[in-house]
Amino acid sequence: MANRLAGALSPYLRQHADNPVDWWPWCPEAFVEAGRRDVPVFLSVGYAACHWCHVMAHESFQDLATAAYLNEHFVSIKVDREERPDVDAVYMSATQAMTGQGGWPMTVMLTPEGKPFFCGTYFPPVTRGGMPGFRGVLEAVIAAWTERRDTLESIGADLVVHLNRATAPPGDPTAEPGAVAVPALRAQFDETYGGFGSAPKFPPAAVCEFLLRRAARTEDAVALEMAGRTLEGMARGGIFDQLGGGFARYSVDARWAVPHFEKMLYDNAQLLSVYVHWWRQGGGALAAHVVEQTADFLLRELVTPEGGLASSLDADSDGREGAYYVWSRAELHEAVGEADAPWAAGAFGLPNDPASAAGETTLRLVGEAPYADQARFEEVRRRLLAVRERRTRPGRDDKVVAAWNGMAIGALAEAGVLFDRPDWTAAAERAAGLLLDRHLQPAGGMLRVSRDGQVGPTLGLLEDYAAVARGLLTLFGTTGERRWYDAAVRLVEQTGRRFGDGDGGFFDTDVGAEPLVARPREVSDGATPSGQSMLAAALTQLWSLTGDDRYRASSAELLASLSGLAAAAPRFAGSVLAELEAHADGPRQVAVVGSPADPKLRALLRAAVSLPAPGLVVACGDGASAPVPLLDGRTLIAGSAAAYACRHFVCDLPVTDPAALH
């Protein structure tokens with residue numbers, strides 16, 4: 001019999017609807033029930049593409065005896081971290097404070113008031129590998145709840161005080177964080193394979209974005225080298241799907257060869273943008289290959305019927321992680337045929353002897369493939385894809401998350417112009433239209449998630465407002481459609497009232513959101529850039545488009561408050577460092593005017609977007625109206641499209657030749 005999760009919007013919660021555990025969704029009624037029964041709350045947080053979440057569900061939550069114990073002694077709550085990142089952030093901070101690490105599935109025991117007193121992640125059903133068994137953990141918690149209740153209450157109260165004190169480290173107003181960050185990152189740089197630190201390695205999209213901007217602004221060769229070697233290492237590794245495009249969540253090894261196979265929209269949106277920027281700074285054919293394959297992956301695999309972009313693809317199929325993606329040598333030989341098998345094995349990093357060991361592995365790019373013989377490479381890739389399509393596909397979490405769609409909108413809009421792919425731009429416009437039509441509320445607020453056209457009740461977080469505003473501003477700059485600009489302004493203008501702390505900083509949750517034991521305020525980058533850094537970027541864009549000093553001052557104040565983190569922990573502050581580079585370089589402005597039907601407009605727009613200056617903002621218009629001050633007074637030249645290159649709104653004479661614009 002289905003439990004309370006059967007009607008949930010979240011695909012992850014629905015995955016647990018048939019568990020024998022008497023799950024509750026996150027709601028006040030669950031805590032009231034825990035208080036009425038005088039039992040602790042068992043909180044389990046995960047997401048649909050999480051491999052170890054599936055493992056723990058199979059081992060424990062589907063086990064009748066374990067479920068009976070949970071039902072008798074706890075009120076059990078299941079949370080989708082993607083739908084409720086505020087809940088996840090509070091209790092992940094508690095987990096990291098208590099255990100020194102975090103991850104999913106996250107396992108937390110709470111008092112009926114929501115105070116955490118025991119934290120962990122995955123627990124096996126029985127003790128193994130130094131990890132305590134889940135049933136034993138539950139029994140120990142109940143014993144402590146019965147015999148040492150005061151101690152647990154005290155732990156919870158102290159931890160809540162700690163969570164409410166979390167702040168960013170102070171900054172030095174005389175220092176330039178970017179100059180400090182590059183040598184600090186160099187000290188942690190993997191000289192052999194690229195990336196930072198040791199395994200597991202997560203794609204450092206925000207850090208690479210900073211390094212590329214730093215190199216563009218200061219001609220820092222070390223920054224450009226670290227970014228390029230990291231991006232090349234990932235592009236050639238198994239973390240990148242060499243057949244279908246798109247990046248996996250992370251690599252379990254230092255070589256980027258063996259991925260954790262789930263594919264997340266937020267990773268691929270950020271990486272698409274970074275590889276576009278690497279391409280325009282000399283990344284060459286490899287960068288272009290990754291851009292094309294990643295953008296096509298987004299449109300092929302993640303677009304929903306309503307026009308949004310789905311959250312993720314699962315790591316598992318047929319009960320095995322990576323089964324859809326890995327190949328044995330024999331499978332590759334059979335798929336491509338004897339004539340091409342040796343070449344294909346060499347191109348993808350597999351030994352070409354089909355009679356040797358039948359172990360499965362990911363495909364990597366070796367040597368000059370696919371560039372030495374592109375036609376052959378594409379034909380081999382087509383054959384392998386045809387075989388792979390007959391395998392069981394990974395599941396898809398098709399909920400639409402506003403923030404992640406905002407990131408993808410900006411990346412697709414920029415890539416669509418640079419690579420002359422109107423289909424990418426059109427996809428960005430469809431996703432933007434869905435957000436404005438479904439997620440924006442009549443009173444102006446934003447809701448975070450939708451699925452199948454139905455919008456969930458979770459209020460948008462700061463990252464939703466900021467990421468969507470950034471994406472809409474980029475889309476406006478490449479299309480000239482005023483609707484996108486007006487919506488971005490409305491979103492940014494609401495952030496102070498909804499998220500401001502009264503002292504120039506911002507919380508992550510809306511003032512009208514359900515109160516938690518702590519109001520989260522994340523300043524560092526995690527899987528996505530912090531909401532505060534993305535808001536700083538949107539404010540800088542608006543300053544460059546309008547000249548309104550309110551936006552400049554707000555952005556500068558916000559970046560100054562985050563500069564201490566940028567200097568102290570650059571690996572976790574790439575987005576702040578990137579925006580500091582943009583703020584220092586800008587505003588550089590290009591106004592492009594002309595008829596949308598004029599091919600010269602497209603050429604000038606492409607030339608403008610191809611400029612790598614960190615402080616660049618582009619506005620596009622028809623020359624007849626001026627939705628932003630940057631376009632005011634800009635006219636066509638002899639009836640032809642023209643571009644105006646400006647610095648602080650002081651513009652050079654207009655040009656009609658893209659080369660002259662550069």
# chains A, B, ... in the order shown; residues from 1 in each chain; ligands from 1

call {"tool": "residues_around", "arguments": {"residues": "A:Pro596", "least_positions_apart": "3", "cutoff": "10 Å", "atoms": "only C-alpha atoms", "output": "VMD selection string"}}
result
chain A and resid 479 to 480 593 599 to 602 620 to 622 641

call {"tool": "write_last_selection", "arguments": {"atoms": "all heavy atoms", "output": "mmCIF file, in the first residue's frame"}}
result
data_model
loop_
_atom_site.group_PDB
_atom_site.id
_atom_site.type_symbol
_atom_site.label_atom_id
_atom_site.label_comp_id
_atom_site.auth_asym_id
_atom_site.auth_seq_id
_atom_site.Cartn_x
_atom_site.Cartn_y
_atom_site.Cartn_z
ATOM 1 N N THR A 479 19.031 38.287 -27.969
ATOM 2 C CA THR A 479 17.809 38.267 -28.782
ATOM 3 C C THR A 479 17.147 39.630 -28.902
ATOM 4 O O THR A 479 16.366 39.854 -29.836
ATOM 5 C CB THR A 479 16.772 37.288 -28.193
ATOM 6 O OG1 THR A 479 16.330 37.781 -26.911
ATOM 7 C CG2 THR A 479 17.342 35.896 -28.049
ATOM 8 N N GLY A 480 17.394 40.524 -27.954
ATOM 9 C CA GLY A 480 16.741 41.826 -27.960
ATOM 10 C C GLY A 480 15.298 41.800 -27.493
ATOM 11 O O GLY A 480 14.616 42.829 -27.553
ATOM 12 N N VAL A 593 22.674 47.066 -32.948
ATOM 13 C CA VAL A 593 21.336 47.432 -33.414
ATOM 14 C C VAL A 593 21.179 47.026 -34.870
ATOM 15 O O VAL A 593 22.128 47.062 -35.660
ATOM 16 C CB VAL A 593 21.066 48.945 -33.256
ATOM 17 C CG1 VAL A 593 21.008 49.327 -31.789
ATOM 18 C CG2 VAL A 593 22.126 49.767 -33.975
ATOM 19 N N PRO A 599 21.342 39.631 -41.794
ATOM 20 C CA PRO A 599 22.469 38.746 -41.444
ATOM 21 C C PRO A 599 23.628 39.495 -40.805
ATOM 22 O O PRO A 599 24.392 38.919 -40.017
ATOM 23 C CB PRO A 599 22.878 38.139 -42.794
ATOM 24 C CG PRO A 599 21.682 38.298 -43.677
ATOM 25 C CD PRO A 599 21.005 39.555 -43.227
ATOM 26 N N LYS A 600 23.775 40.782 -41.132
ATOM 27 C CA LYS A 600 24.872 41.553 -40.540
ATOM 28 C C LYS A 600 24.689 41.715 -39.033
ATOM 29 O O LYS A 600 25.668 41.796 -38.285
ATOM 30 C CB LYS A 600 24.965 42.925 -41.213
ATOM 31 C CG LYS A 600 25.419 42.866 -42.661
ATOM 32 C CD LYS A 600 25.530 44.270 -43.245
ATOM 33 C CE LYS A 600 25.997 44.212 -44.698
ATOM 34 N NZ LYS A 600 26.099 45.579 -45.296
ATOM 35 N N LEU A 601 23.432 41.781 -38.592
ATOM 36 C CA LEU A 601 23.180 41.866 -37.154
ATOM 37 C C LEU A 601 23.732 40.629 -36.460
ATOM 38 O O LEU A 601 24.397 40.727 -35.414
ATOM 39 C CB LEU A 601 21.688 42.013 -36.881
ATOM 40 C CG LEU A 601 21.284 41.964 -35.401
ATOM 41 C CD1 LEU A 601 21.702 43.244 -34.686
ATOM 42 C CD2 LEU A 601 19.788 41.755 -35.246
ATOM 43 N N ARG A 602 23.455 39.462 -37.025
ATOM 44 C CA ARG A 602 23.927 38.212 -36.428
ATOM 45 C C ARG A 602 25.450 38.172 -36.393
ATOM 46 O O ARG A 602 26.059 37.741 -35.412
ATOM 47 C CB ARG A 602 23.384 37.035 -37.239
ATOM 48 C CG ARG A 602 23.470 35.704 -36.545
ATOM 49 C CD ARG A 602 22.373 35.563 -35.538
ATOM 50 N NE ARG A 602 22.453 34.284 -34.837
ATOM 51 C CZ ARG A 602 21.728 33.990 -33.776
ATOM 52 N NH1 ARG A 602 20.898 34.879 -33.284
ATOM 53 N NH2 ARG A 602 21.833 32.816 -33.200
ATOM 54 N N CYS A 620 21.195 43.986 -27.468
ATOM 55 C CA CYS A 620 20.790 43.886 -28.866
ATOM 56 C C CYS A 620 19.428 44.548 -29.040
ATOM 57 O O CYS A 620 18.535 44.356 -28.205
ATOM 58 C CB CYS A 620 20.737 42.411 -29.263
ATOM 59 S SG CYS A 620 20.168 42.084 -30.932
ATOM 60 N N GLY A 621 19.253 45.331 -30.092
ATOM 61 C CA GLY A 621 17.980 45.989 -30.328
ATOM 62 C C GLY A 621 17.749 46.266 -31.796
ATOM 63 O O GLY A 621 18.629 46.026 -32.635
ATOM 64 N N ASP A 622 16.582 46.795 -32.098
ATOM 65 C CA ASP A 622 16.222 47.032 -33.494
ATOM 66 C C ASP A 622 16.535 48.447 -33.964
ATOM 67 O O ASP A 622 16.291 48.798 -35.115
ATOM 68 C CB ASP A 622 14.737 46.728 -33.722
ATOM 69 C CG ASP A 622 13.819 47.588 -32.851
ATOM 70 O OD1 ASP A 622 14.303 48.557 -32.222
ATOM 71 O OD2 ASP A 622 12.615 47.269 -32.794
ATOM 72 N N ALA A 641 22.887 47.199 -40.038
ATOM 73 C CA ALA A 641 23.190 46.893 -38.638
ATOM 74 C C ALA A 641 24.526 47.511 -38.242
ATOM 75 O O ALA A 641 25.458 47.606 -39.053
ATOM 76 C CB ALA A 641 23.233 45.379 -38.427
#

call {"tool": "residues_around", "arguments": {"residues": "stretch 283-288 of chain A", "least_positions_apart": "6", "cutoff": "9 Å", "atoms": "only C-alpha atoms", "output": "ChimeraX atom specification"}}
result
/A:228,231-232,235-236,275-277,370-371,419

call {"tool": "closest_residue", "arguments": {"among": "A:Ala227, A:Ala2, A:Gly237, A:Pro28", "to": "A:Arg186", "atoms": "only C-alpha atoms"}}
result
A:Ala227

call {"tool": "select_by_dssp", "arguments": {"residues": "stretch 211-411 of chain A", "states": "alpha helix (DSSP H)", "output": "number ranges by chain"}}
result
A: 211-218, 221-236, 265-278, 284-297, 329-336, 341-347, 374-388, 402-411

call {"tool": "residues_around", "arguments": {"residues": "A:Glu414", "least_positions_apart": "2", "cutoff": "12 Å", "atoms": "only C-alpha atoms", "output": "PDB file with N, CA, C and O atoms, in the first residue's frame"}}
result
ATOM      1  N   ALA A 269      25.011  22.659 -17.347  1.00  0.00           N
ATOM      2  CA  ALA A 269      24.783  24.063 -17.672  1.00  0.00           C
ATOM      3  C   ALA A 269      26.029  24.897 -17.388  1.00  0.00           C
ATOM      4  O   ALA A 269      26.458  25.716 -18.222  1.00  0.00           O
ATOM      5  N   LEU A 272      28.888  23.809 -19.879  1.00  0.00           N
ATOM      6  CA  LEU A 272      28.663  24.333 -21.229  1.00  0.00           C
ATOM      7  C   LEU A 272      29.160  25.766 -21.329  1.00  0.00           C
ATOM      8  O   LEU A 272      29.868  26.138 -22.275  1.00  0.00           O
ATOM      9  N   SER A 273      28.837  26.580 -20.344  1.00  0.00           N
ATOM     10  CA  SER A 273      29.272  27.974 -20.347  1.00  0.00           C
ATOM     11  C   SER A 273      30.794  28.078 -20.299  1.00  0.00           C
ATOM     12  O   SER A 273      31.413  28.849 -21.042  1.00  0.00           O
ATOM     13  N   VAL A 274      31.426  27.284 -19.445  1.00  0.00           N
ATOM     14  CA  VAL A 274      32.886  27.357 -19.296  1.00  0.00           C
ATOM     15  C   VAL A 274      33.583  26.910 -20.579  1.00  0.00           C
ATOM     16  O   VAL A 274      34.580  27.523 -21.003  1.00  0.00           O
ATOM     17  N   TYR A 275      33.105  25.840 -21.194  1.00  0.00           N
ATOM     18  CA  TYR A 275      33.750  25.383 -22.432  1.00  0.00           C
ATOM     19  C   TYR A 275      33.534  26.368 -23.574  1.00  0.00           C
ATOM     20  O   TYR A 275      34.406  26.508 -24.444  1.00  0.00           O
ATOM     21  N   VAL A 276      32.401  27.072 -23.605  1.00  0.00           N
ATOM     22  CA  VAL A 276      32.222  28.157 -24.574  1.00  0.00           C
ATOM     23  C   VAL A 276      33.303  29.216 -24.376  1.00  0.00           C
ATOM     24  O   VAL A 276      33.930  29.688 -25.341  1.00  0.00           O
ATOM     25  N   HIS A 277      33.547  29.569 -23.126  1.00  0.00           N
ATOM     26  CA  HIS A 277      34.534  30.614 -22.844  1.00  0.00           C
ATOM     27  C   HIS A 277      35.954  30.133 -23.107  1.00  0.00           C
ATOM     28  O   HIS A 277      36.808  30.919 -23.539  1.00  0.00           O
ATOM     29  N   ARG A 280      36.548  30.391 -26.899  1.00  0.00           N
ATOM     30  CA  ARG A 280      36.843  31.723 -27.422  1.00  0.00           C
ATOM     31  C   ARG A 280      38.191  32.240 -26.924  1.00  0.00           C
ATOM     32  O   ARG A 280      38.669  33.257 -27.404  1.00  0.00           O
ATOM     33  N   VAL A 291      31.414  21.661 -26.477  1.00  0.00           N
ATOM     34  CA  VAL A 291      30.264  22.579 -26.508  1.00  0.00           C
ATOM     35  C   VAL A 291      29.132  21.977 -27.328  1.00  0.00           C
ATOM     36  O   VAL A 291      27.970  21.923 -26.879  1.00  0.00           O
ATOM     37  N   ALA A 295      25.638  20.782 -25.509  1.00  0.00           N
ATOM     38  CA  ALA A 295      24.382  21.481 -25.834  1.00  0.00           C
ATOM     39  C   ALA A 295      23.389  20.531 -26.491  1.00  0.00           C
ATOM     40  O   ALA A 295      22.190  20.539 -26.160  1.00  0.00           O
ATOM     41  N   MET A 407      20.597  28.811 -15.269  1.00  0.00           N
ATOM     42  CA  MET A 407      21.984  28.607 -15.702  1.00  0.00           C
ATOM     43  C   MET A 407      22.037  28.110 -17.141  1.00  0.00           C
ATOM     44  O   MET A 407      22.863  28.561 -17.946  1.00  0.00           O
ATOM     45  N   ALA A 408      21.160  27.155 -17.467  1.00  0.00           N
ATOM     46  CA  ALA A 408      21.152  26.589 -18.809  1.00  0.00           C
ATOM     47  C   ALA A 408      20.695  27.609 -19.849  1.00  0.00           C
ATOM     48  O   ALA A 408      21.206  27.624 -20.980  1.00  0.00           O
ATOM     49  N   ILE A 409      19.744  28.458 -19.501  1.00  0.00           N
ATOM     50  CA  ILE A 409      19.252  29.480 -20.432  1.00  0.00           C
ATOM     51  C   ILE A 409      20.396  30.391 -20.868  1.00  0.00           C
ATOM     52  O   ILE A 409      20.587  30.660 -22.066  1.00  0.00           O
ATOM     53  N   GLY A 410      21.170  30.885 -19.909  1.00  0.00           N
ATOM     54  CA  GLY A 410      22.288  31.758 -20.252  1.00  0.00           C
ATOM     55  C   GLY A 410      23.332  31.057 -21.093  1.00  0.00           C
ATOM     56  O   GLY A 410      23.846  31.625 -22.071  1.00  0.00           O
ATOM     57  N   ALA A 411      23.669  29.807 -20.740  1.00  0.00           N
ATOM     58  CA  ALA A 411      24.692  29.069 -21.477  1.00  0.00           C
ATOM     59  C   ALA A 411      24.248  28.770 -22.899  1.00  0.00           C
ATOM     60  O   ALA A 411      25.015  28.930 -23.861  1.00  0.00           O
ATOM     61  N   LEU A 412      22.994  28.330 -23.075  1.00  0.00           N
ATOM     62  CA  LEU A 412      22.494  28.012 -24.409  1.00  0.00           C
ATOM     63  C   LEU A 412      22.359  29.272 -25.271  1.00  0.00           C
ATOM     64  O   LEU A 412      22.636  29.233 -26.479  1.00  0.00           O
ATOM     65  N   GLY A 416      24.453  29.539 -28.541  1.00  0.00           N
ATOM     66  CA  GLY A 416      23.677  29.590 -29.775  1.00  0.00           C
ATOM     67  C   GLY A 416      24.155  30.673 -30.718  1.00  0.00           C
ATOM     68  O   GLY A 416      24.198  30.480 -31.943  1.00  0.00           O
ATOM     69  N   VAL A 417      24.534  31.831 -30.175  1.00  0.00           N
ATOM     70  CA  VAL A 417      25.052  32.918 -31.006  1.00  0.00           C
ATOM     71  C   VAL A 417      26.444  32.576 -31.527  1.00  0.00           C
ATOM     72  O   VAL A 417      26.726  32.693 -32.726  1.00  0.00           O
ATOM     73  N   LEU A 418      27.331  32.125 -30.658  1.00  0.00           N
ATOM     74  CA  LEU A 418      28.714  31.899 -31.057  1.00  0.00           C
ATOM     75  C   LEU A 418      28.855  30.760 -32.055  1.00  0.00           C
ATOM     76  O   LEU A 418      29.731  30.781 -32.920  1.00  0.00           O
ATOM     77  N   PHE A 419      28.016  29.734 -31.940  1.00  0.00           N
ATOM     78  CA  PHE A 419      28.125  28.567 -32.812  1.00  0.00           C
ATOM     79  C   PHE A 419      27.064  28.564 -33.912  1.00  0.00           C
ATOM     80  O   PHE A 419      26.905  27.567 -34.608  1.00  0.00           O
ATOM     81  N   ASP A 420      26.359  29.689 -34.037  1.00  0.00           N
ATOM     82  CA  ASP A 420      25.339  29.835 -35.066  1.00  0.00           C
ATOM     83  C   ASP A 420      24.351  28.670 -35.024  1.00  0.00           C
ATOM     84  O   ASP A 420      24.063  28.023 -36.034  1.00  0.00           O
ATOM     85  N   ARG A 421      23.809  28.423 -33.833  1.00  0.00           N
ATOM     86  CA  ARG A 421      22.844  27.355 -33.621  1.00  0.00           C
ATOM     87  C   ARG A 421      21.536  27.953 -33.109  1.00  0.00           C
ATOM     88  O   ARG A 421      21.294  28.027 -31.905  1.00  0.00           O
ATOM     89  N   PRO A 422      20.688  28.405 -33.999  1.00  0.00           N
ATOM     90  CA  PRO A 422      19.403  28.975 -33.575  1.00  0.00           C
ATOM     91  C   PRO A 422      18.562  28.010 -32.751  1.00  0.00           C
ATOM     92  O   PRO A 422      17.727  28.456 -31.951  1.00  0.00           O
ATOM     93  N   TRP A 424      19.615  26.102 -30.380  1.00  0.00           N
ATOM     94  CA  TRP A 424      20.008  26.253 -28.972  1.00  0.00           C
ATOM     95  C   TRP A 424      19.359  27.503 -28.378  1.00  0.00           C
ATOM     96  O   TRP A 424      18.860  27.475 -27.255  1.00  0.00           O
ATOM     97  N   THR A 425      19.385  28.599 -29.146  1.00  0.00           N
ATOM     98  CA  THR A 425      18.748  29.828 -28.670  1.00  0.00           C
ATOM     99  C   THR A 425      17.254  29.620 -28.473  1.00  0.00           C
ATOM    100  O   THR A 425      16.665  30.084 -27.483  1.00  0.00           O
ATOM    101  N   ALA A 426      16.623  28.920 -29.414  1.00  0.00           N
ATOM    102  CA  ALA A 426      15.185  28.664 -29.302  1.00  0.00           C
ATOM    103  C   ALA A 426      14.874  27.833 -28.060  1.00  0.00           C
ATOM    104  O   ALA A 426      13.859  28.063 -27.385  1.00  0.00           O
ATOM    105  N   ALA A 427      15.738  26.875 -27.746  1.00  0.00           N
ATOM    106  CA  ALA A 427      15.541  26.067 -26.533  1.00  0.00           C
ATOM    107  C   ALA A 427      15.638  26.938 -25.287  1.00  0.00           C
ATOM    108  O   ALA A 427      14.875  26.770 -24.325  1.00  0.00           O
ATOM    109  N   ALA A 428      16.595  27.874 -25.286  1.00  0.00           N
ATOM    110  CA  ALA A 428      16.722  28.796 -24.155  1.00  0.00           C
ATOM    111  C   ALA A 428      15.455  29.639 -24.016  1.00  0.00           C
ATOM    112  O   ALA A 428      14.970  29.877 -22.899  1.00  0.00           O
ATOM    113  N   GLU A 429      14.899  30.084 -25.129  1.00  0.00           N
ATOM    114  CA  GLU A 429      13.683  30.902 -25.077  1.00  0.00           C
ATOM    115  C   GLU A 429      12.493  30.096 -24.573  1.00  0.00           C
ATOM    116  O   GLU A 429      11.661  30.607 -23.811  1.00  0.00           O
ATOM    117  N   ARG A 470      20.106  36.197 -14.184  1.00  0.00           N
ATOM    118  CA  ARG A 470      21.321  36.175 -15.014  1.00  0.00           C
ATOM    119  C   ARG A 470      21.033  35.576 -16.382  1.00  0.00           C
ATOM    120  O   ARG A 470      21.448  36.103 -17.419  1.00  0.00           O
ATOM    121  N   GLY A 471      20.345  34.435 -16.394  1.00  0.00           N
ATOM    122  CA  GLY A 471      20.047  33.787 -17.659  1.00  0.00           C
ATOM    123  C   GLY A 471      19.184  34.655 -18.558  1.00  0.00           C
ATOM    124  O   GLY A 471      19.417  34.747 -19.772  1.00  0.00           O
ATOM    125  N   LEU A 472      18.183  35.317 -17.968  1.00  0.00           N
ATOM    126  CA  LEU A 472      17.298  36.171 -18.755  1.00  0.00           C
ATOM    127  C   LEU A 472      18.040  37.376 -19.321  1.00  0.00           C
ATOM    128  O   LEU A 472      17.777  37.804 -20.455  1.00  0.00           O
ATOM    129  N   LEU A 473      18.969  37.939 -18.555  1.00  0.00           N
ATOM    130  CA  LEU A 473      19.733  39.077 -19.053  1.00  0.00           C
ATOM    131  C   LEU A 473      20.624  38.673 -20.226  1.00  0.00           C
ATOM    132  O   LEU A 473      20.772  39.423 -21.197  1.00  0.00           O
ATOM    133  N   THR A 474      21.231  37.493 -20.137  1.00  0.00           N
ATOM    134  CA  THR A 474      22.033  37.004 -21.262  1.00  0.00           C
ATOM    135  C   THR A 474      21.148  36.748 -22.477  1.00  0.00           C
ATOM    136  O   THR A 474      21.513  37.088 -23.613  1.00  0.00           O
ATOM    137  N   LEU A 475      19.984  36.163 -22.246  1.00  0.00           N
ATOM    138  CA  LEU A 475      19.055  35.905 -23.348  1.00  0.00           C
ATOM    139  C   LEU A 475      18.578  37.208 -23.978  1.00  0.00           C
ATOM    140  O   LEU A 475      18.472  37.311 -25.206  1.00  0.00           O
ATOM    141  N   PHE A 476      18.301  38.200 -23.153  1.00  0.00           N
ATOM    142  CA  PHE A 476      17.935  39.510 -23.691  1.00  0.00           C
ATOM    143  C   PHE A 476      19.055  40.071 -24.551  1.00  0.00           C
ATOM    144  O   PHE A 476      18.833  40.604 -25.645  1.00  0.00           O
ATOM    145  N   GLY A 477      20.291  39.951 -24.069  1.00  0.00           N
ATOM    146  CA  GLY A 477      21.420  40.498 -24.806  1.00  0.00           C
ATOM    147  C   GLY A 477      21.623  39.870 -26.169  1.00  0.00           C
ATOM    148  O   GLY A 477      22.144  40.517 -27.087  1.00  0.00           O
ATOM    149  N   THR A 478      21.202  38.618 -26.323  1.00  0.00           N
ATOM    150  CA  THR A 478      21.423  37.929 -27.597  1.00  0.00           C
ATOM    151  C   THR A 478      20.196  37.906 -28.499  1.00  0.00           C
ATOM    152  O   THR A 478      20.303  37.535 -29.666  1.00  0.00           O
ATOM    153  N   THR A 479      19.031  38.287 -27.969  1.00  0.00           N
ATOM    154  CA  THR A 479      17.809  38.267 -28.782  1.00  0.00           C
ATOM    155  C   THR A 479      17.147  39.630 -28.902  1.00  0.00           C
ATOM    156  O   THR A 479      16.366  39.854 -29.836  1.00  0.00           O
ATOM    157  N   LEU A 605      26.657  40.550 -33.718  1.00  0.00           N
ATOM    158  CA  LEU A 605      26.344  40.006 -32.399  1.00  0.00           C
ATOM    159  C   LEU A 605      27.317  38.888 -32.043  1.00  0.00           C
ATOM    160  O   LEU A 605      27.811  38.808 -30.916  1.00  0.00           O
ATOM    161  N   ARG A 606      27.606  38.021 -33.004  1.00  0.00           N
ATOM    162  CA  ARG A 606      28.566  36.936 -32.766  1.00  0.00           C
ATOM    163  C   ARG A 606      29.944  37.503 -32.439  1.00  0.00           C
ATOM    164  O   ARG A 606      30.625  37.021 -31.537  1.00  0.00           O
ATOM    165  N   ALA A 607      30.345  38.538 -33.156  1.00  0.00           N
ATOM    166  CA  ALA A 607      31.638  39.159 -32.883  1.00  0.00           C
ATOM    167  C   ALA A 607      31.682  39.747 -31.477  1.00  0.00           C
ATOM    168  O   ALA A 607      32.688  39.649 -30.772  1.00  0.00           O
ATOM    169  N   ALA A 608      30.571  40.346 -31.060  1.00  0.00           N
ATOM    170  CA  ALA A 608      30.531  40.945 -29.722  1.00  0.00           C
ATOM    171  C   ALA A 608      30.620  39.878 -28.641  1.00  0.00           C
ATOM    172  O   ALA A 608      31.409  39.988 -27.692  1.00  0.00           O
ATOM    173  N   VAL A 609      29.824  38.813 -28.775  1.00  0.00           N
ATOM    174  CA  VAL A 609      29.798  37.773 -27.748  1.00  0.00           C
ATOM    175  C   VAL A 609      31.112  36.996 -27.712  1.00  0.00           C
ATOM    176  O   VAL A 609      31.457  36.399 -26.692  1.00  0.00           O
ATOM    177  N   SER A 610      31.865  37.015 -28.801  1.00  0.00           N
ATOM    178  CA  SER A 610      33.135  36.282 -28.824  1.00  0.00           C
ATOM    179  C   SER A 610      34.253  37.004 -28.085  1.00  0.00           C
ATOM    180  O   SER A 610      35.328  36.446 -27.894  1.00  0.00           O
ATOM    181  N   LEU A 611      34.012  38.227 -27.656  1.00  0.00           N
ATOM    182  CA  LEU A 611      35.031  38.964 -26.906  1.00  0.00           C
ATOM    183  C   LEU A 611      35.157  38.386 -25.495  1.00  0.00           C
ATOM    184  O   LEU A 611      34.151  38.197 -24.813  1.00  0.00           O
ATOM    185  N   VAL A 617      29.267  43.290 -21.366  1.00  0.00           N
ATOM    186  CA  VAL A 617      27.837  43.046 -21.453  1.00  0.00           C
ATOM    187  C   VAL A 617      27.386  43.475 -22.841  1.00  0.00           C
ATOM    188  O   VAL A 617      27.880  44.466 -23.391  1.00  0.00           O
ATOM    189  N   VAL A 618      26.482  42.678 -23.426  1.00  0.00           N
ATOM    190  CA  VAL A 618      26.006  42.936 -24.782  1.00  0.00           C
ATOM    191  C   VAL A 618      24.510  43.208 -24.734  1.00  0.00           C
ATOM    192  O   VAL A 618      23.763  42.519 -24.025  1.00  0.00           O
TER     193      VAL A 618
END

call {"tool": "closest_residue", "arguments": {"among": "A:Leu558, A:Val45, A:Cys651, A:Ala34", "to": "A:Gly120", "atoms": "only C-alpha atoms"}}
result
A:Val45

call {"tool": "closest_atom_pairs", "arguments": {"of": "stretch 436-522 of chain A", "to": "stretch 529-549 of chain A", "cutoff": "10 Å", "atoms": "only C-alpha atoms", "output": "CSV"}}
result
residue,atom,partner,partner_atom,distance
A:Leu461,CA,A:Gly531,CA,8.1
A:Leu462,CA,A:Gly531,CA,5.3
A:Glu463,CA,A:Gly531,CA,4.0
A:Asp464,CA,A:Gly531,CA,7.7
A:Tyr465,CA,A:Leu535,CA,7.9
A:Ala466,CA,A:Leu535,CA,4.7
A:Ala467,CA,A:Met534,CA,6.1
A:Val468,CA,A:Ala538,CA,9.2
A:Ala469,CA,A:Ala538,CA,6.4
A:Arg470,CA,A:Ala538,CA,5.1
A:Gly471,CA,A:Ala538,CA,8.9
A:Leu472,CA,A:Ala538,CA,9.7
A:Leu473,CA,A:Gln541,CA,7.5
A:Thr474,CA,A:Gln541,CA,8.9
A:Gly477,CA,A:Leu545,CA,9.5
A:Tyr485,CA,A:Leu542,CA,9.4
A:Ala488,CA,A:Ala538,CA,8.5
A:Val489,CA,A:Leu542,CA,7.9
A:Leu491,CA,A:Ala538,CA,10.0
A:Val492,CA,A:Ala538,CA,7.5
A:Glu493,CA,A:Leu539,CA,9.6
A:Thr495,CA,A:Leu535,CA,8.6
A:Gly505,CA,A:Gln532,CA,8.1
A:Phe506,CA,A:Gln532,CA,6.8
A:Phe507,CA,A:Gln532,CA,8.4
A:Asp508,CA,A:Gly531,CA,6.9
A:Arg521,CA,A:Gln532,CA,8.7
A:Glu522,CA,A:Ser530,CA,6.3
